[in-house]
Structure formats: structure tokens, C-alpha cells
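Listing of start_5.cif, mmCIF, C-alpha atoms
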```cif
data_final
#
loop_
_atom_site.label_atom_id
_atom_site.label_comp_id
_atom_site.auth_asym_id
_atom_site.auth_seq_id
_atom_site.Cartn_x
_atom_site.Cartn_y
_atom_site.Cartn_z
CA MET E 1 0.00 0.00 0.00
CA PRO E 2 1.57 3.27 -1.01
CA ASP E 3 2.26 5.69 1.77
CA PRO E 4 1.92 9.45 1.67
CA ASN E 5 1.77 10.64 -1.88
CA PRO E 6 4.81 12.79 -2.51
CA GLN E 7 3.30 14.47 -5.53
CA ALA E 8 1.99 17.46 -3.63
CA GLY E 9 5.37 18.06 -2.07
CA ALA E 10 7.10 17.48 -5.35
CA GLU E 11 5.49 20.59 -6.76
CA GLY E 12 6.73 22.58 -3.82
CA ALA E 13 10.26 21.23 -4.18
CA GLN E 14 10.42 22.45 -7.73
CA GLN E 15 9.70 25.99 -6.67
CA GLY E 16 13.26 27.10 -6.18
CA ASN E 17 12.31 30.49 -4.83
CA ALA E 18 9.94 29.17 -2.19
CA PRO E 19 11.02 29.84 1.41
CA GLU E 20 10.81 26.12 2.11
CA ALA E 21 12.31 23.14 0.32
CA TRP E 22 10.49 19.81 0.29
CA PHE E 23 12.30 16.55 0.85
CA PHE E 24 11.36 12.95 1.40
CA CYS E 25 12.70 11.65 4.67
CA LEU E 26 13.74 8.10 5.60
CA ARG E 27 15.38 6.71 8.69
CA LEU E 28 18.62 5.04 7.64
CA ILE E 29 21.67 3.80 9.53
CA GLY E 30 20.36 5.30 12.74
CA GLY E 31 19.69 8.80 11.43
CA ARG E 32 17.26 10.94 9.45
CA TYR E 33 18.15 11.22 5.79
CA ALA E 34 16.19 12.93 3.06
CA PHE E 35 16.42 13.57 -0.64
CA GLU E 36 14.60 15.64 -3.24
CA ALA E 37 10.92 14.74 -3.04
CA PRO E 38 10.30 14.53 -6.81
CA LEU E 39 12.66 11.54 -7.01
CA VAL E 40 10.22 9.39 -5.04
CA SER E 41 7.27 7.80 -6.79
CA GLU E 42 5.89 5.80 -3.89
CA VAL E 43 6.62 3.92 -0.70
CA VAL E 44 6.00 0.18 -0.52
CA ARG E 45 6.43 -2.70 1.83
CA LEU E 46 9.07 -5.05 0.53
CA GLY E 47 7.76 -8.36 -0.71
CA PRO E 48 9.77 -11.57 -0.55
CA LEU E 49 13.28 -10.77 -1.69
CA THR E 50 15.05 -12.81 -4.35
CA ARG E 51 18.79 -12.74 -3.78
CA LEU E 52 21.04 -12.20 -6.76
CA PRO E 53 24.21 -14.19 -7.35
CA ALA E 54 27.42 -12.22 -7.81
CA ALA E 55 25.77 -9.07 -6.51
CA PRO E 56 27.47 -6.40 -4.40
CA SER E 57 26.38 -6.20 -0.77
CA PHE E 58 24.45 -2.99 -1.32
CA LEU E 59 22.15 -4.85 -3.72
CA PRO E 60 20.50 -7.39 -1.40
CA GLY E 61 18.02 -8.58 -4.01
CA VAL E 62 14.94 -7.83 -6.05
CA PHE E 63 11.23 -8.05 -5.40
CA THR E 64 8.07 -7.67 -7.42
CA HIS E 65 5.77 -4.73 -7.17
CA ARG E 66 2.66 -4.63 -9.34
CA GLY E 67 4.21 -7.13 -11.70
CA GLU E 68 7.47 -5.21 -12.04
CA VAL E 69 10.80 -6.54 -10.77
CA LEU E 70 12.63 -3.87 -8.78
CA PRO E 71 16.17 -3.89 -7.36
CA VAL E 72 16.66 -3.00 -3.70
CA LEU E 73 19.42 -0.61 -2.65
CA ASP E 74 20.83 -0.76 0.87
CA VAL E 75 22.51 2.58 1.56
CA GLY E 76 23.99 1.24 4.80
CA GLN E 77 26.01 -1.40 2.97
CA LEU E 78 27.13 1.12 0.37
CA VAL E 79 28.72 3.32 3.04
CA ASN E 80 30.25 0.43 5.00
CA GLN E 81 27.63 0.48 7.72
CA PRO E 82 25.61 -2.52 8.94
CA ALA E 83 22.96 -3.80 6.56
CA ILE E 84 19.48 -2.42 7.06
CA PRO E 85 17.41 -5.32 8.44
CA ILE E 86 14.81 -6.59 6.00
CA ARG E 87 11.62 -7.88 7.59
CA ALA E 88 8.01 -8.27 6.53
CA SER E 89 7.34 -4.76 7.80
CA THR E 90 10.31 -3.15 6.07
CA ARG E 91 9.43 -0.31 3.75
CA ALA E 92 11.29 1.12 0.82
CA ALA E 93 11.00 4.28 -1.25
CA ILE E 94 10.86 3.68 -4.98
CA VAL E 95 13.01 6.33 -6.60
CA HIS E 96 13.92 7.31 -10.16
CA CYS E 97 17.47 8.55 -10.60
CA GLY E 98 18.15 9.11 -14.28
CA PRO E 99 17.97 5.71 -16.00
CA TRP E 100 17.84 3.81 -12.73
CA LYS E 101 14.74 2.83 -10.82
CA VAL E 102 15.49 1.36 -7.42
CA ALA E 103 13.82 0.73 -4.08
CA VAL E 104 15.79 2.35 -1.26
CA VAL E 105 15.29 0.19 1.79
CA SER E 106 14.76 2.02 5.07
CA GLU E 107 14.49 1.52 8.81
CA GLY E 108 11.43 3.75 8.75
CA VAL E 109 9.63 6.27 6.60
CA GLU E 110 8.85 9.78 7.80
CA GLY E 111 7.57 11.03 4.46
CA LEU E 112 7.58 14.59 3.23
CA VAL E 113 9.35 17.21 5.27
CA ALA E 114 9.61 20.92 4.63
CA ILE E 115 12.78 22.67 5.65
CA ALA E 116 13.22 26.41 5.57
CA ARG E 117 15.94 27.18 3.06
CA LYS E 118 17.64 29.43 5.56
CA ASN E 119 18.07 26.34 7.76
CA LEU E 120 19.97 24.41 5.08
CA GLU E 121 23.74 24.43 5.42
CA PRO E 122 26.62 22.92 3.47
CA PRO E 123 27.53 19.38 4.51
CA PRO E 124 30.61 18.63 6.60
CA SER E 125 33.80 18.44 4.61
CA GLU E 126 34.36 14.74 5.40
CA SER E 127 34.67 12.64 2.30
CA SER E 128 34.12 9.19 3.73
CA GLY E 129 31.09 7.14 4.63
CA VAL E 130 27.69 8.64 4.09
CA ALA E 131 29.13 12.17 4.33
CA GLU E 132 30.48 11.63 0.83
CA PHE E 133 26.92 11.73 -0.50
CA LEU E 134 25.49 14.66 1.45
CA SER E 135 24.46 17.81 -0.36
CA ALA E 136 23.30 19.72 2.70
CA VAL E 137 22.34 19.40 6.32
CA GLY E 138 19.30 21.01 7.84
CA ARG E 139 16.89 20.98 10.72
CA ASP E 140 13.16 20.81 11.10
CA LYS E 141 10.92 20.65 14.15
CA SER E 142 11.85 16.98 14.68
CA GLY E 143 15.56 17.63 14.71
CA PRO E 144 18.58 17.47 12.42
CA ILE E 145 18.29 15.95 9.00
CA ALA E 146 20.91 15.11 6.39
CA ILE E 147 20.16 15.74 2.74
CA LEU E 148 21.44 13.05 0.40
CA ASP E 149 22.46 13.65 -3.18
CA LEU E 150 20.63 10.51 -4.21
CA PRO E 151 21.43 10.55 -7.96
CA ARG E 152 25.14 10.75 -7.12
CA LEU E 153 24.77 7.99 -4.55
CA VAL E 154 23.05 5.67 -7.03
CA ASP E 155 25.57 6.44 -9.75
CA THR E 156 28.42 5.76 -7.35
CA ALA E 157 26.86 2.45 -6.33
CA ARG E 158 26.66 1.39 -9.95
CA ALA E 159 30.24 2.50 -10.59
CA ARG E 160 31.58 0.62 -7.56
CA ALA E 161 30.04 -2.62 -8.75
CA VAL E 162 31.83 -4.68 -11.34
CA PRO E 163 29.27 -5.29 -14.05
CA ALA E 164 29.53 -8.31 -16.30
CA GLY E 165 31.32 -7.58 -19.53
CA SER E 166 33.07 -4.52 -18.16
CA SER E 167 36.73 -3.85 -18.65
CA HIS E 168 38.94 -3.93 -15.60
CA ALA E 169 41.37 -1.54 -17.22
CA MET D 1 -6.86 -17.34 -28.03
CA THR D 2 -3.90 -19.14 -26.49
CA GLU D 3 -1.54 -17.21 -24.24
CA ALA D 4 2.10 -17.31 -25.42
CA SER D 5 4.29 -19.27 -23.06
CA SER D 6 7.86 -20.49 -22.59
CA GLU D 7 9.19 -23.70 -21.16
CA ILE D 8 11.69 -23.38 -18.36
CA LEU D 9 13.89 -25.92 -16.66
CA MET D 10 13.92 -25.56 -12.88
CA PHE D 11 16.90 -26.77 -10.90
CA GLN D 12 18.45 -26.36 -7.50
CA VAL D 13 21.98 -25.37 -6.51
CA GLY D 14 22.54 -25.27 -2.77
CA VAL D 15 19.34 -24.08 -1.15
CA ARG D 16 18.15 -21.99 -4.08
CA VAL D 17 16.05 -22.78 -7.10
CA PHE D 18 16.87 -21.34 -10.52
CA ALA D 19 15.29 -21.43 -13.94
CA ALA D 20 16.76 -21.72 -17.43
CA VAL D 21 15.37 -21.85 -20.93
CA VAL D 22 14.78 -25.52 -21.72
CA HIS D 23 16.47 -25.31 -25.10
CA ASP D 24 19.76 -24.25 -23.48
CA ALA D 25 20.05 -27.74 -21.98
CA VAL D 26 21.17 -30.59 -24.21
CA ARG D 27 20.17 -33.24 -21.68
CA ILE D 28 20.16 -34.10 -18.01
CA GLY D 29 22.80 -36.55 -16.98
CA SER D 30 24.77 -38.20 -14.25
CA VAL D 31 27.95 -36.49 -13.16
CA ALA D 32 29.66 -39.86 -12.88
CA ALA D 33 29.17 -40.44 -16.59
CA SER D 34 30.82 -37.15 -17.60
CA PRO D 35 34.52 -36.47 -18.11
CA PRO D 36 35.85 -34.55 -15.09
CA ASP D 37 37.20 -31.78 -17.32
CA ASP D 38 33.70 -31.03 -18.56
CA LEU D 39 32.25 -30.49 -15.09
CA VAL D 40 31.40 -27.03 -13.79
CA CYS D 41 31.01 -27.52 -10.04
CA GLU D 42 31.42 -23.94 -8.91
CA SER D 43 29.59 -21.16 -10.65
CA ALA D 44 28.04 -17.77 -9.97
CA LEU D 45 25.05 -19.68 -8.60
CA GLY D 46 27.18 -21.21 -5.85
CA THR D 47 28.44 -24.69 -5.15
CA PRO D 48 26.09 -27.67 -4.98
CA PHE D 49 25.97 -29.75 -1.81
CA GLU D 50 26.18 -32.95 -3.80
CA GLN D 51 27.74 -33.67 -7.15
CA THR D 52 25.52 -36.28 -8.68
CA ARG D 53 23.29 -34.58 -11.24
CA GLY D 54 24.33 -32.40 -14.14
CA ILE D 55 22.76 -30.28 -16.84
CA VAL D 56 24.63 -30.80 -20.08
CA VAL D 57 25.16 -27.65 -22.15
CA SER D 58 26.88 -27.20 -25.51
CA GLY D 59 30.47 -26.04 -25.20
CA ASP D 60 32.18 -23.25 -27.11
CA GLU D 61 33.58 -25.58 -29.75
CA PRO D 62 31.31 -27.69 -31.94
CA GLY D 63 30.81 -31.13 -30.49
CA THR D 64 32.02 -30.16 -27.01
CA GLU D 65 29.91 -30.14 -23.89
CA ARG D 66 30.04 -28.67 -20.40
CA VAL D 67 28.12 -30.08 -17.47
CA LEU D 68 26.70 -27.75 -14.83
CA VAL D 69 26.65 -29.74 -11.62
CA VAL D 70 23.45 -29.18 -9.64
CA ASP D 71 21.85 -30.64 -6.54
CA GLN D 72 18.53 -31.42 -8.13
CA VAL D 73 16.70 -31.05 -11.41
CA ILE D 74 13.16 -30.20 -10.39
CA GLY D 75 11.50 -30.38 -13.77
CA ILE D 76 10.07 -28.42 -16.66
CA ARG D 77 7.36 -25.85 -16.28
CA SER D 78 5.46 -23.79 -18.79
CA VAL D 79 5.19 -20.12 -17.88
CA PRO D 80 3.28 -17.35 -19.65
CA ASP D 81 5.57 -14.96 -21.49
CA VAL D 82 4.11 -12.09 -19.49
CA ASP D 83 5.73 -13.62 -16.41
CA VAL D 84 9.21 -13.50 -17.94
CA HIS D 85 11.00 -10.24 -17.08
CA PRO D 86 14.41 -8.86 -17.99
CA LEU D 87 16.89 -7.99 -15.30
CA PRO D 88 16.23 -4.46 -13.98
CA ALA D 89 18.74 -2.02 -15.47
CA PHE D 90 20.35 -1.13 -12.16
CA ALA D 91 20.80 -4.79 -11.20
CA ALA D 92 22.22 -5.62 -14.63
CA ALA D 93 24.73 -2.80 -14.24
CA CYS D 94 25.89 -4.08 -10.85
CA LEU D 95 26.18 -7.86 -11.23
CA SER D 96 29.58 -9.34 -11.85
CA SER D 97 28.03 -12.29 -13.65
CA GLY D 98 26.46 -12.03 -17.07
CA ALA D 99 24.66 -15.33 -16.60
CA VAL D 100 21.59 -13.89 -14.92
CA SER D 101 19.38 -12.88 -17.81
CA GLY D 102 16.17 -12.07 -16.01
CA PHE D 103 13.39 -13.43 -13.87
CA VAL D 104 10.43 -15.70 -14.13
CA LEU D 105 7.56 -14.93 -11.82
CA VAL D 106 6.50 -18.13 -10.15
CA ASP D 107 3.61 -17.61 -7.75
CA GLU D 108 4.43 -13.88 -7.97
CA VAL D 109 7.93 -14.41 -6.61
CA PRO D 110 10.84 -13.67 -8.98
CA MET D 111 12.95 -16.73 -9.75
CA LEU D 112 16.29 -16.11 -11.41
CA LEU D 113 16.44 -16.98 -15.08
CA VAL D 114 19.93 -18.18 -15.94
CA ASP D 115 21.68 -18.23 -19.30
CA LEU D 116 23.29 -21.67 -19.08
CA PRO D 117 25.84 -21.29 -21.91
CA THR D 118 27.14 -18.07 -20.35
CA LEU D 119 27.14 -19.55 -16.86
CA VAL D 120 29.31 -22.54 -17.75
CA ARG D 121 31.78 -20.30 -19.63
CA GLU D 122 32.28 -17.99 -16.66
CA ARG D 123 34.65 -18.57 -13.81
CA PRO D 124 33.18 -17.28 -10.54
CA GLY D 125 33.86 -13.57 -10.31
CA VAL D 126 35.17 -13.38 -13.86
CA PRO D 127 32.89 -12.36 -16.74
CA ALA D 128 32.44 -14.94 -19.49
CA HIS D 129 34.31 -12.96 -22.13
CA GLU D 130 37.39 -12.87 -19.90
CA ALA D 131 37.12 -16.51 -18.87
CA THR D 132 37.14 -17.69 -22.46
CA PRO D 133 40.64 -18.06 -23.88
#
```
Let me see the file written as C-alpha cells.
Amino acid sequence: MPDPNPQAGAEGAQQGNAPEAWFFCLRLIGGRYAFEAPLVSEVVRLGPLTRLPAAPSFLPGVFTHRGEVLPVLDVGQLVNQPAIPIRASTRAAIVHCGPWKVAVVSEGVEGLVAIARKNLEPPPSESSGVAEFLSAVGRDKSGPIAILDLPRLVDTARARAVPAGSSHA
Amino acid sequence: MTEASSEILMFQVGVRVFAAVVHDAVRIGSVAASPPDDLVCESALGTPFEQTRGIVVSGDEPGTERVLVVDQVIGIRSVPDVDVHPLPAFAAACLSSGAVSGFVLVDEVPMLLVDLPTLVRERPGVPAHEATP
């Protein structure tokens, strides 16, 4: 069952001059992480996962949703953190990043959040772990929130894998 | 009007069940009857618990054969073509094996569809085109 429809927030996020920016917030690796709301099409409960042979750890498997087979992305494994536990109640955000459509598995879904642009700051200068993929950090009434550059994260995941037929040069 | 369908061969390696296009298999045979050099015991699908059954696949050279060693050959099943799906683009871009060609939905759960000729050419962790001399 899809969770809060991000479409309404997506319109707000596209209004660059608005005093607030809209993001879609997930709980990941023990924190609150968000990304641009228009990237999310829906939130689903993960069905039974089919594991893939020769897959990197951040790709724990695929599942079917409305007859479509979708890959699952575990951000925790990508940034060398513990795997996000996958249970019957686990939810994932289906996102479109360029040519890639993936389900980002989460520890919990908060949904749309609005953050005043004046409360958005540059990310820390660290270049390791999840900090590598942050585009900003902010704060809303529930506390601090880290803004992920999700397209860059997904592209990096793909690049770090060793696809079949690729050159190792 | 008859729904288009494909025949798949279902087999088990370790604890997992996989599917392959029936026509990729030449025959099902006993491992004991096959030359040891033809056997593929370890593949991207894992290593079978037992080494008794094999799926015989045509080799690279005419008249040659390779035998994928499996734990169990479950049988042949006809599946509607609408239940055969390609590998999602992101997954295809991340796998280090080219032998996974897609999925067959069996009772709404995706079962891996394996390209047997590619699988037996690959060495685990090495793409088929690099494993072939």
C-alpha cells in the first residue's frame, strides 16, 4: 500500500524560490536522511526478496511490485555500515534517478518534510562514509536531518560494482 | 486465443532454485558419466551440496559439452511470457556475472532466469568474455 503521496510536495520542491524546500525523509543507519521529493514515486512494503548471485552487498536482491521486478538498494552497505534489516514490515522508497529505478530500503519512513531554506547548510567536509553523499544538512521541528544527493549515490553504487562484460582496465 | 508461453527448466543449486530456458540444456545426466574436465562444479550460482546430477550444455567448440553440476533437477514448467522479465537495469549494471538474464515470476515471486551457456563459460567472479581463452 503506497504511503503518503509525494506528488503534492514534489510541486513545492520544484519551486526554487519558495522559502521552504520539500524533501522525502527516511530513517537510515540510525539517522534521518532525506532527498529531493520529486525523485520518489511511492513507498512500498518489501515483498519476498530474491537474492542475486554475484551481486554487491548494497544490492541485497529484487522483489516484485505490481508485476514489475525492482532492485533493492541498501545505503547502509554502500557506506560500509551494517545492513538495514529486511523484515516483513520493512518499507522502501521507490526512486527514479536518471535511468535507474530502485527501491531504497529504510528503517522507517517519515515522508515529506519541509525545511526552511535558511536552515539548510553545506555538509561537513568529510569525504568518507555517508558524508560523501550529502548535499546539505538542515533541521526541522523533529531535529537534524541530512540531505542526500541521491542521484550521485546511485551512480556511485553502480560504478563501484563490477558489471559483467566490463573492462577492468 | 492461447496465451504465449515459454518452457523453463527448474533446478536447485545449494538451497536456491533457478530457472533456465529448456532449449539451453542438451540433456540431463549423471555427473559420474561425464569427463571430469567437462564439469562445472562452482559457478556464480554457488556450489552444490552434492555432485551427482548435471545439466549438459553445448560447449564453445562444436561437439564439445560442459556439465553444470546441480543438486537437483526439479523439472520443466510452462510459464506465460508475461511472467518473464528482464533484469532491472540497475541490477544488470551491478552484477559481476552475465549469466543472470532475467526473472520468471512463479507464484508472484521472482525466480532467477539463468543463461546456461554463459554460466558454464564464466569462472566465478570473472565475466564470461574474460574466462574464455
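The environment of range 135-152 of chain E within 6 Å, counting all atoms listed in the file and disregarding residues fewer than 2 places along the same chain, consists of Arg32, Tyr33, Ala34, Phe35, Cys97, Ile115, Asn119, Leu120, Glu121, Pro122, Pro123, Phe133, Val154, Asp155 and Thr156 of chain E.
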* Just how far from CA of Phe90 in chain D is CA of Trp100 in chain E, in Å to one decimal? -> 5.6 Å
* Quick one: which residues end up in the PyMOL selection byres ((chain E) within 9 of (chain D)) for this structure, as a ChimeraX atom specification? -> /E:47-56,59,61-64,67-72,99-102,154,157-166
* Excluding same-chain residues fewer than 4 positions from range 106-112 of chain E, what lies within 9 Å of it counting all atoms listed in the file, as a PyMOL selection string? -> chain E and resi 3-6+9+22-30+32+34+37+43+74-75+84-86+90-93
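Here the PyMOL selection byres ((chain D and resi 26-30) around 6) matches the residues Ala25, Val31, Ala32, Ala33, Thr52, Arg53, Gly54, Ile55, Val56 and Val57 of chain D.
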